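**Q** Data file upload10.cif (mmCIF, C-alpha atoms) is appended below.
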```cif
data_query
#
loop_
_atom_site.label_atom_id
_atom_site.label_comp_id
_atom_site.auth_asym_id
_atom_site.auth_seq_id
_atom_site.Cartn_x
_atom_site.Cartn_y
_atom_site.Cartn_z
CA MET H 820 -13.94 27.01 14.28
CA SER H 821 -11.32 26.76 16.99
CA ALA H 822 -7.99 25.58 15.66
CA LYS H 823 -7.04 22.09 16.71
CA GLU H 824 -3.52 21.24 17.71
CA VAL H 825 -2.05 18.93 15.10
CA LYS H 826 1.19 17.00 15.45
CA VAL H 827 2.69 14.79 12.77
CA TYR H 828 5.26 12.16 13.72
CA SER H 829 7.15 11.22 10.58
CA THR H 830 10.37 9.94 9.02
CA PRO H 831 12.15 11.69 6.15
CA GLU H 832 11.81 9.07 3.40
CA CYS H 833 8.27 7.97 4.22
CA PRO H 834 5.89 8.63 1.30
CA TRP H 835 2.74 8.42 3.44
CA CYS H 836 4.17 11.02 5.81
CA ARG H 837 4.63 13.37 2.88
CA ARG H 838 1.06 12.76 1.79
CA VAL H 839 -0.24 13.60 5.24
CA LYS H 840 1.76 16.83 5.35
CA LYS H 841 0.68 17.81 1.87
CA PHE H 842 -2.94 17.09 2.77
CA LEU H 843 -2.67 19.35 5.83
CA GLU H 844 -0.95 22.09 3.84
CA ASP H 845 -3.52 21.91 1.03
CA ASN H 846 -6.25 22.35 3.62
CA GLY H 847 -4.50 25.23 5.40
CA ILE H 848 -4.01 23.28 8.63
CA ALA H 849 -1.04 24.33 10.75
CA TYR H 850 0.88 21.43 12.27
CA GLN H 851 4.04 20.60 14.15
CA ASP H 852 6.26 18.05 12.44
CA PHE H 853 8.44 15.70 14.48
CA ASN H 854 11.13 13.70 12.69
CA VAL H 855 11.13 10.58 14.84
CA ALA H 856 14.16 9.20 13.00
CA GLU H 857 16.24 11.91 14.73
CA ASP H 858 14.18 13.08 17.66
CA SER H 859 14.17 10.23 20.19
CA ALA H 860 12.05 12.15 22.71
CA ALA H 861 9.36 12.60 20.08
CA ARG H 862 9.68 8.95 19.16
CA GLU H 863 9.02 7.91 22.77
CA ASP H 864 6.14 10.35 22.93
CA MET H 865 4.62 8.85 19.77
CA ILE H 866 5.00 5.28 21.02
CA ASN H 867 3.52 6.13 24.42
CA LYS H 868 0.54 7.91 22.95
CA SER H 869 -0.26 5.53 20.10
CA GLN H 870 1.15 2.24 21.41
CA GLN H 871 2.33 1.83 17.83
CA LEU H 872 5.65 1.81 16.05
CA ALA H 873 4.54 3.14 12.74
CA VAL H 874 4.64 6.38 10.80
CA PRO H 875 2.93 8.59 9.97
CA THR H 876 1.21 8.97 13.32
CA ILE H 877 -0.97 12.05 13.59
CA LEU H 878 -2.24 13.58 16.79
CA VAL H 879 -5.28 15.83 16.44
CA ASP H 880 -5.73 17.32 19.91
CA ASP H 881 -5.84 14.05 21.87
CA GLU H 882 -6.92 11.77 19.07
CA ILE H 883 -4.49 9.43 17.38
CA ILE H 884 -4.54 8.48 13.72
CA VAL H 885 -1.98 6.01 12.43
CA GLY H 886 -1.32 6.07 8.70
CA PHE H 887 -2.70 8.36 6.02
CA ASN H 888 -6.45 8.03 6.20
CA GLU H 889 -7.95 10.99 4.41
CA ALA H 890 -11.54 10.32 5.47
CA LEU H 891 -10.61 9.95 9.15
CA LEU H 892 -8.36 13.02 9.05
CA LYS H 893 -11.17 15.10 7.58
CA GLU H 894 -13.54 13.88 10.27
CA LYS H 895 -11.16 14.61 13.13
CA LEU H 896 -10.23 18.00 11.70
CA GLY H 897 -13.85 18.90 10.99
CA LEU H 898 -13.15 19.55 7.29
CA MET E 1405 -28.13 4.69 -10.17
CA ARG E 1406 -24.70 5.94 -11.19
CA GLU E 1407 -23.20 4.83 -14.45
CA LEU E 1408 -19.74 3.77 -13.28
CA ILE E 1409 -17.75 3.05 -10.14
CA ILE E 1410 -13.98 2.80 -10.38
CA VAL E 1411 -12.52 0.97 -7.41
CA GLY E 1412 -8.88 1.84 -6.79
CA GLY E 1413 -6.85 5.04 -6.98
CA GLY E 1414 -3.53 3.91 -8.43
CA PRO E 1415 -2.30 4.47 -11.99
CA ALA E 1416 -4.99 2.24 -13.53
CA GLY E 1417 -7.89 3.68 -11.53
CA MET E 1418 -6.86 7.32 -11.94
CA THR E 1419 -6.31 6.93 -15.69
CA ALA E 1420 -9.69 5.23 -16.00
CA ALA E 1421 -11.21 8.15 -14.08
CA VAL E 1422 -9.81 10.72 -16.51
CA TYR E 1423 -11.04 8.76 -19.52
CA ALA E 1424 -14.46 8.26 -17.95
CA ALA E 1425 -14.74 11.94 -17.05
CA ARG E 1426 -13.86 12.98 -20.60
CA LYS E 1427 -16.67 10.77 -21.88
CA ARG E 1428 -18.93 12.52 -19.35
CA ILE E 1429 -19.78 9.24 -17.66
CA ASP E 1430 -21.38 9.76 -14.24
CA THR E 1431 -18.51 8.23 -12.27
CA LEU E 1432 -17.52 7.59 -8.68
CA LEU E 1433 -13.85 7.00 -7.91
CA LEU E 1434 -13.71 4.94 -4.72
CA SER E 1435 -10.40 4.08 -3.12
CA LYS E 1436 -8.73 3.47 0.21
CA ASP E 1437 -5.92 5.75 -0.93
CA ILE E 1438 -4.64 7.76 -3.85
CA GLY E 1439 -1.47 6.78 -5.66
CA GLY E 1440 -1.22 3.10 -4.84
CA GLN E 1441 2.05 1.28 -5.21
CA PRO E 1442 4.06 4.03 -6.97
CA ASN E 1443 3.80 6.03 -3.72
CA LEU E 1444 6.36 3.62 -2.31
CA THR E 1445 8.64 3.67 -5.35
CA ALA E 1446 11.66 5.91 -5.07
CA GLY E 1447 12.74 6.82 -8.57
CA ILE E 1448 10.97 6.08 -11.85
CA GLU E 1449 12.90 6.31 -15.11
CA ASN E 1450 10.55 4.47 -17.42
CA TYR E 1451 7.33 6.45 -17.37
CA MET E 1452 7.34 8.31 -20.63
CA GLY E 1453 7.46 12.08 -20.50
CA TYR E 1454 9.64 12.10 -17.39
CA GLN E 1455 13.28 11.15 -17.56
CA TYR E 1456 13.25 10.80 -13.80
CA ILE E 1457 10.45 11.32 -11.34
CA GLU E 1458 9.72 10.08 -7.84
CA GLY E 1459 6.73 7.77 -7.59
CA PHE E 1460 5.07 10.03 -5.07
CA GLU E 1461 5.46 13.06 -7.32
CA LEU E 1462 4.18 11.23 -10.40
CA MET E 1463 1.08 10.17 -8.47
CA GLN E 1464 0.51 13.76 -7.37
CA LYS E 1465 0.51 14.73 -11.02
CA PHE E 1466 -1.98 11.97 -11.78
CA GLU E 1467 -4.14 13.20 -8.93
CA GLU E 1468 -4.02 16.82 -10.14
CA GLN E 1469 -5.10 15.64 -13.56
CA VAL E 1470 -8.05 13.72 -12.11
CA ARG E 1471 -9.07 16.77 -10.08
CA GLN E 1472 -9.36 18.87 -13.21
CA PHE E 1473 -12.59 17.05 -13.96
CA PRO E 1474 -15.88 17.23 -12.09
CA LEU E 1475 -15.69 13.71 -10.77
CA GLU E 1476 -17.09 12.35 -7.53
CA GLN E 1477 -14.38 10.87 -5.31
CA LYS E 1478 -14.59 8.89 -2.09
CA ILE E 1479 -11.08 8.42 -0.84
CA GLY E 1480 -10.30 6.66 2.43
CA GLN E 1481 -13.04 4.09 2.00
CA GLU E 1482 -12.06 0.56 1.18
CA ALA E 1483 -14.39 -1.49 -1.00
CA VAL E 1484 -14.89 -4.83 0.73
CA ALA E 1485 -17.70 -6.50 -1.23
CA LEU E 1486 -19.08 -6.40 -4.73
CA SER E 1487 -22.39 -7.95 -5.74
CA ARG E 1488 -24.58 -8.06 -8.83
CA LEU E 1489 -27.93 -6.32 -8.93
CA ASP E 1490 -30.61 -6.68 -11.60
CA ALA E 1491 -29.40 -3.61 -13.45
CA GLY E 1492 -25.81 -3.32 -12.33
CA PHE E 1493 -23.63 -3.72 -9.27
CA GLU E 1494 -23.38 -2.75 -5.62
CA VAL E 1495 -20.11 -1.99 -3.87
CA ARG E 1496 -19.99 -2.12 -0.09
CA THR E 1497 -17.22 -0.34 1.84
CA ASP E 1498 -15.46 -0.95 5.14
CA ASN E 1499 -17.48 1.83 6.79
CA GLY E 1500 -20.78 0.29 5.72
CA GLU E 1501 -21.58 2.58 2.79
CA ARG E 1502 -23.21 1.11 -0.31
CA TYR E 1503 -22.83 2.47 -3.81
CA GLN E 1504 -24.59 1.26 -6.94
CA ALA E 1505 -23.67 1.61 -10.58
CA LYS E 1506 -24.43 0.09 -13.95
CA ALA E 1507 -20.76 -0.74 -14.55
CA VAL E 1508 -17.68 -1.24 -12.37
CA ILE E 1509 -13.95 -1.15 -13.04
CA ILE E 1510 -11.82 -2.97 -10.49
CA ALA E 1511 -8.38 -1.39 -10.31
CA THR E 1512 -7.40 -2.29 -6.76
CA GLY E 1513 -3.83 -3.30 -7.53
CA LYS E 1514 -1.65 -5.27 -5.19
CA ARG E 1515 -0.77 -5.06 -1.50
CA PRO E 1516 2.08 -6.46 0.59
CA ARG E 1517 1.91 -10.21 1.06
CA PRO E 1518 1.56 -11.16 4.72
CA LEU E 1519 3.58 -13.99 6.26
CA ASN E 1520 0.44 -15.59 7.70
CA VAL E 1521 2.13 -16.71 10.91
CA PRO E 1522 0.85 -16.44 14.50
CA GLY E 1523 1.55 -13.07 16.07
CA GLU E 1524 1.78 -11.17 12.79
CA GLU E 1525 -1.65 -9.56 12.83
CA GLN E 1526 -1.62 -8.65 16.55
CA LEU E 1527 1.84 -7.09 16.28
CA ARG E 1528 1.26 -5.18 13.05
CA GLY E 1529 2.36 -1.61 13.77
CA ARG E 1530 3.93 -2.82 16.99
CA GLY E 1531 7.17 -3.96 15.44
CA VAL E 1532 5.81 -5.76 12.41
CA THR E 1533 6.01 -3.49 9.38
CA TYR E 1534 5.44 -3.74 5.64
CA CYS E 1535 7.01 -0.38 4.82
CA ALA E 1536 10.72 -0.50 5.56
CA VAL E 1537 11.32 2.91 4.03
CA CYS E 1538 8.68 4.43 6.38
CA ASP E 1539 9.26 2.67 9.67
CA GLY E 1540 12.91 1.63 9.35
CA PRO E 1541 14.31 4.63 11.25
CA LEU E 1542 12.12 3.76 14.27
CA PHE E 1543 14.31 0.72 14.84
CA ALA E 1544 17.67 2.46 14.96
CA GLY E 1545 19.96 0.73 17.45
CA GLU E 1546 17.73 -2.35 17.70
CA LYS E 1547 18.02 -5.88 16.39
CA VAL E 1548 15.68 -6.50 13.50
CA ALA E 1549 14.70 -9.27 11.11
CA VAL E 1550 14.07 -8.69 7.42
CA ILE E 1551 12.00 -11.44 5.84
CA GLY E 1552 12.38 -12.16 2.12
CA GLY E 1553 15.00 -12.78 -0.53
CA GLY E 1554 14.06 -10.45 -3.37
CA ASN E 1555 15.11 -6.89 -4.16
CA SER E 1556 12.87 -5.19 -1.62
CA ALA E 1557 14.11 -7.43 1.19
CA LEU E 1558 17.73 -6.89 0.16
CA GLU E 1559 17.21 -3.13 -0.03
CA ALA E 1560 15.55 -3.10 3.39
CA ALA E 1561 18.44 -5.13 4.83
CA ASP E 1562 20.97 -2.82 3.21
CA ASP E 1563 19.23 0.23 4.70
CA MET E 1564 18.84 -1.31 8.15
CA VAL E 1565 22.46 -2.48 8.40
CA LYS E 1566 23.44 1.20 8.57
CA ILE E 1567 21.30 1.96 11.62
CA ALA E 1568 20.36 -1.26 13.41
CA GLU E 1569 22.44 -3.07 16.02
CA HIS E 1570 22.06 -6.28 14.05
CA VAL E 1571 20.07 -7.46 11.03
CA TYR E 1572 18.88 -11.01 10.43
CA LEU E 1573 17.89 -11.66 6.84
CA VAL E 1574 15.57 -14.65 6.61
CA SER E 1575 14.50 -16.12 3.28
CA LEU E 1576 12.56 -19.25 2.36
CA THR E 1577 14.51 -19.52 -0.88
CA PRO E 1578 17.99 -18.63 -2.12
CA PHE E 1579 18.26 -14.91 -2.88
CA SER E 1580 16.31 -13.92 -5.96
CA GLY E 1581 17.24 -10.23 -6.08
CA ASP E 1582 19.79 -8.45 -8.24
CA GLN E 1583 23.41 -9.60 -7.83
CA ILE E 1584 24.61 -6.08 -7.05
CA LEU E 1585 22.33 -5.98 -4.00
CA ILE E 1586 23.22 -9.50 -2.91
CA ASP E 1587 26.94 -8.60 -3.00
CA ARG E 1588 26.36 -5.46 -0.99
CA VAL E 1589 24.38 -7.25 1.70
CA LYS E 1590 26.29 -10.51 2.06
CA ASP E 1591 29.54 -8.83 3.08
CA ALA E 1592 27.94 -6.45 5.57
CA SER E 1593 28.96 -6.73 9.19
CA HIS E 1594 26.12 -6.81 11.75
CA LEU E 1595 24.17 -9.02 9.36
CA THR E 1596 23.37 -12.71 9.53
CA VAL E 1597 21.73 -14.49 6.62
CA PHE E 1598 19.41 -17.46 7.06
CA LEU E 1599 18.56 -18.89 3.65
CA GLU E 1600 15.97 -21.65 3.28
CA HIS E 1601 14.50 -20.73 6.63
CA GLY E 1602 10.85 -20.02 7.32
CA VAL E 1603 9.32 -17.86 10.02
CA VAL E 1604 7.28 -19.95 12.46
CA VAL E 1605 5.95 -17.33 14.83
CA ILE E 1606 6.33 -13.69 15.80
CA GLU E 1607 6.47 -13.32 19.56
CA GLY E 1608 5.61 -10.46 21.86
CA SER E 1609 2.68 -9.00 23.75
CA SER E 1610 2.49 -5.26 23.18
CA ARG E 1611 5.72 -5.11 21.14
CA VAL E 1612 7.65 -7.56 18.99
CA GLU E 1613 10.18 -9.37 21.19
CA GLY E 1614 11.45 -12.05 18.84
CA ILE E 1615 10.76 -14.52 16.09
CA ALA E 1616 11.18 -18.25 15.73
CA ILE E 1617 12.59 -19.52 12.46
CA ARG E 1618 12.92 -23.05 11.13
CA ASP E 1619 15.60 -24.52 8.89
CA LEU E 1620 13.65 -26.06 6.01
CA LYS E 1621 16.26 -28.80 5.50
CA SER E 1622 17.06 -29.92 9.05
CA GLY E 1623 13.81 -28.82 10.69
CA GLU E 1624 15.86 -27.20 13.44
CA GLU E 1625 14.24 -24.18 15.08
CA LYS E 1626 15.99 -21.07 16.35
CA ARG E 1627 14.77 -18.08 18.28
CA LEU E 1628 16.01 -14.62 17.30
CA GLU E 1629 15.59 -11.73 19.69
CA VAL E 1630 14.42 -8.79 17.60
CA GLY E 1631 12.37 -5.64 18.11
CA GLY E 1632 11.33 -5.23 14.50
CA VAL E 1633 10.19 -7.52 11.71
CA PHE E 1634 10.25 -6.18 8.15
CA VAL E 1635 8.05 -8.30 5.93
CA GLU E 1636 9.26 -7.97 2.33
CA ILE E 1637 7.97 -11.09 0.59
CA GLY E 1638 6.26 -9.56 -2.39
CA LEU E 1639 2.74 -8.56 -3.21
CA ILE E 1640 -0.64 -10.17 -3.63
CA PRO E 1641 -3.50 -8.93 -5.79
CA ASP E 1642 -6.26 -7.12 -3.92
CA SER E 1643 -8.94 -9.22 -5.61
CA GLU E 1644 -10.98 -10.51 -2.63
CA LEU E 1645 -13.70 -8.09 -3.63
CA ALA E 1646 -14.35 -9.97 -6.86
CA LYS E 1647 -14.02 -13.51 -5.54
CA GLY E 1648 -16.97 -15.63 -6.61
CA LEU E 1649 -17.99 -13.16 -9.32
CA VAL E 1650 -15.07 -13.53 -11.70
CA ASN E 1651 -12.33 -16.02 -12.46
CA LEU E 1652 -9.07 -15.64 -10.56
CA ASN E 1653 -5.86 -17.33 -11.69
CA ARG E 1654 -3.65 -19.32 -9.31
CA LEU E 1655 -1.94 -16.11 -8.17
CA GLY E 1656 -5.31 -14.61 -7.27
CA GLU E 1657 -5.26 -12.19 -10.20
CA ILE E 1658 -8.51 -11.38 -12.01
CA GLU E 1659 -8.57 -12.99 -15.44
CA VAL E 1660 -9.39 -10.46 -18.15
CA ASP E 1661 -9.38 -10.50 -21.94
CA CYS E 1662 -7.56 -7.92 -24.03
CA ALA E 1663 -10.53 -5.53 -23.64
CA CYS E 1664 -10.32 -5.64 -19.80
CA GLU E 1665 -13.55 -7.66 -19.70
CA THR E 1666 -13.95 -10.10 -16.82
CA GLY E 1667 -16.68 -12.20 -18.43
CA VAL E 1668 -19.40 -10.50 -16.34
CA PRO E 1669 -21.13 -7.90 -18.52
CA GLY E 1670 -20.39 -4.42 -17.21
CA LEU E 1671 -17.60 -5.57 -14.90
CA TYR E 1672 -14.07 -4.64 -15.98
CA ALA E 1673 -10.67 -4.94 -14.32
CA ALA E 1674 -7.42 -3.10 -15.01
CA GLY E 1675 -3.85 -2.88 -13.81
CA ASP E 1676 -1.88 -5.00 -11.34
CA VAL E 1677 -4.94 -6.76 -9.95
CA THR E 1678 -5.37 -8.51 -13.30
CA ASP E 1679 -3.50 -11.32 -15.02
CA VAL E 1680 -2.19 -8.93 -17.70
CA PRO E 1681 1.57 -9.56 -17.96
CA GLU E 1682 4.03 -6.93 -16.71
CA LYS E 1683 3.25 -4.93 -13.61
CA GLN E 1684 4.37 -1.49 -14.71
CA ILE E 1685 2.92 1.98 -14.19
CA VAL E 1686 2.72 2.63 -17.91
CA VAL E 1687 0.98 -0.70 -18.49
CA ALA E 1688 -1.49 -0.16 -15.65
CA ALA E 1689 -2.32 3.33 -16.90
CA GLY E 1690 -2.92 1.99 -20.42
CA GLU E 1691 -5.14 -0.78 -19.10
CA GLY E 1692 -7.13 1.77 -17.08
CA ALA E 1693 -7.73 3.79 -20.24
CA LYS E 1694 -8.90 0.68 -22.09
CA ALA E 1695 -11.24 -0.36 -19.31
CA ALA E 1696 -12.90 3.09 -19.18
CA LEU E 1697 -13.38 3.19 -22.94
CA GLN E 1698 -14.84 -0.31 -22.93
CA ALA E 1699 -17.16 0.62 -20.06
CA HIS E 1700 -18.25 3.66 -22.08
CA LYS E 1701 -19.19 1.46 -25.04
CA TYR E 1702 -21.04 -0.90 -22.74
CA LEU E 1703 -23.00 1.94 -21.12
CA GLN E 1704 -23.96 3.34 -24.52
CA ARG E 1705 -25.34 -0.04 -25.56
CA LEU E 1706 -27.59 -0.32 -22.49
#
```
Turn this file's structure into structure tokens for me.
**A**
Amino acid sequence: MSAKEVKVYSTPECPWCRRVKKFLEDNGIAYQDFNVAEDSAAREDMINKSQQLAVPTILVDDEIIVGFNEALLKEKLGL
Amino acid sequence: MRELIIVGGGPAGMTAAVYAARKRIDTLLLSKDIGGQPNLTAGIENYMGYQYIEGFELMQKFEEQVRQFPLEQKIGQEAVALSRLDAGFEVRTDNGERYQAKAVIIATGKRPRPLNVPGEEQLRGRGVTYCAVCDGPLFAGEKVAVIGGGNSALEAADDMVKIAEHVYLVSLTPFSGDQILIDRVKDASHLTVFLEHGVVVIEGSSRVEGIAIRDLKSGEEKRLEVGGVFVEIGLIPDSELAKGLVNLNRLGEIEVDCACETGVPGLYAAGDVTDVPEKQIVVAAGEGAKAALQAHKYLQRL
């Protein structure tokens, strides 16, 4: 299985962001975490890619998932 | 056919799952998410056994406990319809799956109440948010509107005042939250309060650009230029699933007796989706336990 590039756009207090990150960690998936509360470039990037203003936004290669959706994450990650 | 489907993965559903698993009932736990409302609760000081625990952490502990048992789980699927079969029930999910069981426990809890105004649905996630603690920081430096007059609205306003250019706090009623929060918010600079005002419309094409509000007394309308709208007007029971099958009270809660029975044999309900007084984690967990034990007795009688 080739590793997919996973990016998580999150904010520090957001419970769903923590769930997403824990899910990825539990499944041994490496990811880059962007705190969009601080990182305005990442925030713009997230908005441009997803057309949404909501966290968590997850980018699996080129595919966007908004919110913590375990079934969809598993599908996109091939778990 | 399975013996039991538990719909909902909050405190009631997860507790029911543990009780069902310990009775070796062939059970499916079906839920759009795990944890439910406590995931969004910061600190909990009234769940026994923990002097202080974050909601998220408590729900992780619940989840770990559920996972100790060999129990089938489908998480990420939302149950959208429930119907009666000759020998039980069928649950249909948002992705078109169908599951059958002899008994069902509905433990779907509550979800944020929508405003039900034009523009809200189209602009959800595009400036309209129901999770201030999640999405708040995305609106740093912008003008935002917080809708509601209870504790969650006041807390959202208090948080946003620190980072937004300006906060409009719009409530249909006088403030109903705790006095300590009202005092903190009403003296804040960069904040304008509109009491007894309703939201008429949320405007914008790809992003929220503003809202129109109406003074309930004078009927006068005003337009507020905002980039974010935080809807904090309470919760509604997630009971649509059971509509037509069971009795709902005027709040939309499923009416149950003290044994979590809905009146339909084999169909139980537990936790915040029911009319049981007091929406508390400890209460919901207890109700989930009761529902599973009642379902067990029902299944044994079949």
**Q** Name the residues, using the chain letters and numbers of the file, that sit within 12 Å of (11.7, 8.7, 21.1) when counting all atoms listed in the file, and give them as a VMD selection string.
**A** (chain H and resid 828 to 829 853 to 868 872) or (chain E and resid 1541 to 1544)
**Q** For chain E, work out the contacting residues on chain H at 10 Å, counting only C-alpha atoms, and write them as a ChimeraX atom specification.
**A** /H:829-838,854-857,859,862-863,866,869-875,885-893
**Q** Skip Arg1627 in chain E itself and residues of its chain fewer than 4 positions away, then list as a PyMOL selection string all residues within 8 Å of it, counting only C-alpha atoms.
**A** chain E and resi 1614-1617
**Q** Save out the residues we just selected, C-alpha atoms, as a CSV table (one decimal), in the frame of the given file.
**A**
```
chain,number,residue,atom,x,y,z
E,1614,GLY,CA,11.4,-12.0,18.8
E,1615,ILE,CA,10.8,-14.5,16.1
E,1616,ALA,CA,11.2,-18.2,15.7
E,1617,ILE,CA,12.6,-19.5,12.5
```
**Q** I'd like to see the residues matched by the PyMOL selection byres ((chain E and resi 1658-1667) around 8) on this file, and ideally I'd get them as a list in words.
**A** Ser1643, Ala1646, Val1650, Asn1651, Leu1652, Asn1653, Gly1656, Glu1657, Val1668, Pro1669, Gly1670, Leu1671, Tyr1672, Ala1673, Ala1674, Val1677, Thr1678, Asp1679, Val1680, Glu1691, Lys1694, Ala1695 and Gln1698 of chain E
**Q** For C-alpha atoms, I'd like the residues from the last selection saved as a PDB file, in the frame of the given file.
**A**
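This went into again-v8.pdb:
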```pdb
ATOM      1  CA  SER E1643      -8.940  -9.220  -5.610  1.00  0.00           C
ATOM      2  CA  ALA E1646     -14.350  -9.970  -6.860  1.00  0.00           C
ATOM      3  CA  VAL E1650     -15.070 -13.530 -11.700  1.00  0.00           C
ATOM      4  CA  ASN E1651     -12.330 -16.020 -12.460  1.00  0.00           C
ATOM      5  CA  LEU E1652      -9.070 -15.640 -10.560  1.00  0.00           C
ATOM      6  CA  ASN E1653      -5.860 -17.330 -11.690  1.00  0.00           C
ATOM      7  CA  GLY E1656      -5.310 -14.610  -7.270  1.00  0.00           C
ATOM      8  CA  GLU E1657      -5.260 -12.190 -10.200  1.00  0.00           C
ATOM      9  CA  VAL E1668     -19.400 -10.500 -16.340  1.00  0.00           C
ATOM     10  CA  PRO E1669     -21.130  -7.900 -18.520  1.00  0.00           C
ATOM     11  CA  GLY E1670     -20.390  -4.420 -17.210  1.00  0.00           C
ATOM     12  CA  LEU E1671     -17.600  -5.570 -14.900  1.00  0.00           C
ATOM     13  CA  TYR E1672     -14.070  -4.640 -15.980  1.00  0.00           C
ATOM     14  CA  ALA E1673     -10.670  -4.940 -14.320  1.00  0.00           C
ATOM     15  CA  ALA E1674      -7.420  -3.100 -15.010  1.00  0.00           C
ATOM     16  CA  VAL E1677      -4.940  -6.760  -9.950  1.00  0.00           C
ATOM     17  CA  THR E1678      -5.370  -8.510 -13.300  1.00  0.00           C
ATOM     18  CA  ASP E1679      -3.500 -11.320 -15.020  1.00  0.00           C
ATOM     19  CA  VAL E1680      -2.190  -8.930 -17.700  1.00  0.00           C
ATOM     20  CA  GLU E1691      -5.140  -0.780 -19.100  1.00  0.00           C
ATOM     21  CA  LYS E1694      -8.900   0.680 -22.090  1.00  0.00           C
ATOM     22  CA  ALA E1695     -11.240  -0.360 -19.310  1.00  0.00           C
ATOM     23  CA  GLN E1698     -14.840  -0.310 -22.930  1.00  0.00           C
TER      24      GLN E1698
END
```
**Q** For the PyMOL selection byres ((chain E and resi 1576) around 12), applied here, can you spell out every residue it catches as a PDB file with C-alpha atoms, in the frame of the given file?
**A**
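Writing done, so here's part-v4.pdb:
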```pdb
ATOM      1  CA  LEU E1519       3.580 -13.990   6.260  1.00  0.00           C
ATOM      2  CA  VAL E1550      14.070  -8.690   7.420  1.00  0.00           C
ATOM      3  CA  ILE E1551      12.000 -11.440   5.840  1.00  0.00           C
ATOM      4  CA  GLY E1552      12.380 -12.160   2.120  1.00  0.00           C
ATOM      5  CA  GLY E1553      15.000 -12.780  -0.530  1.00  0.00           C
ATOM      6  CA  GLY E1554      14.060 -10.450  -3.370  1.00  0.00           C
ATOM      7  CA  ALA E1557      14.110  -7.430   1.190  1.00  0.00           C
ATOM      8  CA  LEU E1573      17.890 -11.660   6.840  1.00  0.00           C
ATOM      9  CA  VAL E1574      15.570 -14.650   6.610  1.00  0.00           C
ATOM     10  CA  SER E1575      14.500 -16.120   3.280  1.00  0.00           C
ATOM     11  CA  THR E1577      14.510 -19.520  -0.880  1.00  0.00           C
ATOM     12  CA  PRO E1578      17.990 -18.630  -2.120  1.00  0.00           C
ATOM     13  CA  PHE E1579      18.260 -14.910  -2.880  1.00  0.00           C
ATOM     14  CA  SER E1580      16.310 -13.920  -5.960  1.00  0.00           C
ATOM     15  CA  VAL E1597      21.730 -14.490   6.620  1.00  0.00           C
ATOM     16  CA  PHE E1598      19.410 -17.460   7.060  1.00  0.00           C
ATOM     17  CA  LEU E1599      18.560 -18.890   3.650  1.00  0.00           C
ATOM     18  CA  GLU E1600      15.970 -21.650   3.280  1.00  0.00           C
ATOM     19  CA  HIS E1601      14.500 -20.730   6.630  1.00  0.00           C
ATOM     20  CA  GLY E1602      10.850 -20.020   7.320  1.00  0.00           C
ATOM     21  CA  VAL E1603       9.320 -17.860  10.020  1.00  0.00           C
ATOM     22  CA  VAL E1604       7.280 -19.950  12.460  1.00  0.00           C
ATOM     23  CA  ILE E1617      12.590 -19.520  12.460  1.00  0.00           C
ATOM     24  CA  ARG E1618      12.920 -23.050  11.130  1.00  0.00           C
ATOM     25  CA  ASP E1619      15.600 -24.520   8.890  1.00  0.00           C
ATOM     26  CA  LEU E1620      13.650 -26.060   6.010  1.00  0.00           C
ATOM     27  CA  LYS E1621      16.260 -28.800   5.500  1.00  0.00           C
ATOM     28  CA  GLU E1636       9.260  -7.970   2.330  1.00  0.00           C
ATOM     29  CA  ILE E1637       7.970 -11.090   0.590  1.00  0.00           C
TER      30      ILE E1637
END
```
**Q** Could you work out an axis-aligned bounding box for all listed atoms of range 1612-1631 of chain E, with 4 Å added on each of the six sides, and give its centre and edge lengths in Å to one decimal, as lines of an AutoDock Vina configuration file?
**A**
```
center_x = 12.4
center_y = -17.8
center_z = 13.3
size_x = 17.4
size_y = 32.3
size_z = 23.7
```
**Q** Contacts of Glu824 in chain H at 9 Å or less, counting all atoms listed in the file, minus same-chain residues fewer than 2 places along, as number ranges by chain?
**A** H: 822, 826, 849-851, 878-881
**Q** Which residues, written as an MDAnalysis selection string, have at least one atom at most 12 Å from range 1485-1489 of chain E, with all atoms listed in the file counted and residues fewer than 5 positions away on the same chain left out?
**A** chainID E and resid 1405 1409:1411 1494:1510 1642:1650 1668:1671
**Q** Work out how far apart CA of Ser1622 in chain E and CA of Val1548 in chain E are and give it in Å to one decimal.
**A**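 CA of Val1548 in chain E lies at a distance of 23.9 Å from CA of Ser1622 in chain E.
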**Q** Set the distance at 10 Å and use only C-alpha atoms: which residues neighbour Ile1685 in chain E once local chain neighbours fewer than 3 positions away are removed? I'd like the list as a PyMOL selection string.
**A** chain E and resi 1414-1416+1441-1442+1448+1450-1451+1459+1675-1676+1682+1688-1691
